[in-house]
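First comes the structure, then the notes that go with it.
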Amino acid sequence: MGVNWVCAMDVGIRVSNMLIANELAESAVGCSVDNEYRAILSQSVYEHGVHIVDSLEYSPELTSNHYLANIVGLLFVSAYLESSVQTNQWLAFSLQEIISEVRRQYYGDGSNFEGSTSYHRLSTEMLVYAVALIKGLPQERVESLKTCPTQSWKKTPRLKDYVEQEYRVINYKVELPEWFCQRIKSAVQYSIDMTKPDGSICQIGDNDSGRFFKFTSIGSFLTKEEALSKYRNLSDGGALNYKNDSYWDDYCLNHSAYISAASAIFNIELPEYITNCELERSIVLSLSKGSLIDVKAPLAKGVETQGILAPIDAVVRKSIEISFRSEVDAGESLLNGLQQYWYPDSQVLVFRSSKLYLSLYSVPNGSNGNGVHSHNDQLSIEVMINGHDVCKDPGAYLYTSNPDRRNQFRSVNVHNTLRTGVEPNGFFGSANALFAKQNNTKCCFSKISKFSAVMDMAYGNTVQRRSVKLTDSKIVIDDQCNDDFDNTLNPFGYFSNGYGQLMEVSLGISNIDIVYKD
């Protein structure tokens, strides 16, 4: 009873953390526990499992990271408790549903269907630890999967017989489907490719700072004065009454911890801009009993362009030039070592070189068109040159505690895109609809070449096109629309790097000129 049991997602995350904390404590040198402690813990874990099964956040029409947390939490519960008909059913059900949800919630290229890089981290982090736990299950529990009774299962979804399951039990080990392992590895690679040279992720869609496990703290301490200067939400200083006059500044946008965890089981080589977090790696190795999943993430498909979605009549045209003042002969070209990372299912493209990070996104209205955690950020971009942000997404800031701020941060008017004064995917008037949007837009990349890309979007009677071209010293953005529009970069002036955190955009760019042309 009480607020701690309202949401089954919280219950699943909590019990998983309880069990990992217990394992860490019991493995510590000189740490011992008595039978009374074990009995209390086991009873609590069991009660968590019963509550999750009775409160599944499932719908046949739409599931999300919430339901994924339910079933991953149930996996941890059932793997910890002793074998019984009930716990074996929980184990078989959680394994069945984890596989099913990866198919439902992830596109074939590995990107998550919710349209958010931060929720992509949350969901994929849960899956990485779940896979490690599955690969390390003891023989007795693995064998129980083949004989688990299903007739007495009364919940929805139904528990399938072993012969209907997509996994197999071979030599006392769970063999997961190859497509499933490939998709999770591709999901981890997606986070790597979306990471900027400073180690932060480009923000697409919502961000509530949500995590499954948090072992390694990535951040730095600020003094009270530094924190007050950096974060506008601390302007009154009331949240900073610490005796030691210090403030931990968590780098929420750094996804290195979960990527490091995944590298231990998927044999992923980490690039230099990803921090190698050894604690996460060691925990995954312990959970998986050293198992390694040897699959190759499928290569990105060739560009499947769809062409302009509708004719652009009576064109209004504006352009932006981002000039990098450099000596090309001294190796300062933006094109040095240029590579592309293309995710066709989520319509995200990244250009990366020794000097440049540029992400372009024409992301669909996420969660099967419901827009739960996606923003009106279609045709938007983020740019970093020489390790300095030139333009960046504003983030999410707050949810239900401030509906006006919620809608402000997901509005087209605060993003680096074309703005006509109308929300492409309109908001519903009710404060209860802060996690939904109208599904009006059709958008896609219509052309991609080695040094350029074209994105198109149509909604209502409006048609827009954004063309981006790279040269040695310039990024040239050519925007077209059949209605009057605005297209300034960083139009909002504020930036949120984590839930409840608000800063003014302070780019401090040198050697870069931005010119707007009508």
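To be explicit about the labels: the chains of the structure tokens are called A, B, and onward in the order shown, and within each one the residues are counted from 1, while ligands get numbers from 1 in the order they are shown.
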**OP:** Would you list the contacts of segment 222-226 of chain A as number ranges by chain, taking every protein, DNA or RNA residue within 8 Å and counting only C-alpha atoms, but skipping same-chain residues closer than 6 positions in sequence?
**Re:** A: 240, 245-249
Subject >> Near-Ile268 of chain A list (12 Å; only C-alpha atoms; drop same-chain fewer than 5 positions) as a PyMOL selection string >> reply: chain A and resi 184-189+192+259-263+274+276+281+292-297
**OP:** Write out as a list in words the residues lying within 6 Å of segment 413-416 of chain A, counting only C-alpha atoms and excluding same-chain residues fewer than 3 positions away.
**Re:**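 In the requested form, the answer reads Asp377, Ser380, Ile381, Leu489, Pro491 and Phe492 of chain A.
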For the residues in that selection, give me C-alpha atoms as a PDB file, in the first residue's frame.
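result.pdb, freshly written:
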ATOM      1  CA  ASP A 377      11.269  18.179 -33.476  1.00  0.00           C
ATOM      2  CA  SER A 380      15.666  19.402 -36.426  1.00  0.00           C
ATOM      3  CA  ILE A 381      19.455  19.236 -36.053  1.00  0.00           C
ATOM      4  CA  LEU A 489      19.004  28.035 -34.368  1.00  0.00           C
ATOM      5  CA  PRO A 491      15.409  29.811 -30.723  1.00  0.00           C
ATOM      6  CA  PHE A 492      14.462  29.166 -27.096  1.00  0.00           C
TER       7      PHE A 492
END
**OP:** Please give the complete set of residues from segment 111-298 of chain A that DSSP, run on the backbone, assigns to helix (DSSP H, G or I), formatted as a count of residues only.
**Re:** 83
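Comparing A:Leu358, A:Val468, A:Cys252, A:Cys444 by their smallest distance to Asn497 of chain A, the closest is A:Cys252 (using only C-alpha atoms).
Remark: for Ala314 of chain A, the closest of the candidate residues A:Asp393, A:Ile265, A:Gln480, A:Asn233 is A:Gln480 (distances computed over only C-alpha atoms).
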**OP:** Quick one: everything within 12 Å of Ile385 of chain A, counting only C-alpha atoms, minus sequence neighbours fewer than 4 positions away in the same chain. Send it as a PyMOL selection string.
**Re:** chain A and resi 196-198+322-326+332-335+351-359+389-392+473-475+507-513
**OP:** Just the residues within 8 Å of Thr147 of chain A, please, counting only C-alpha atoms, with nothing from its chain fewer than 3 positions along; format it as an NGL selection string.
**Re:** :A and (143-144 or 162)
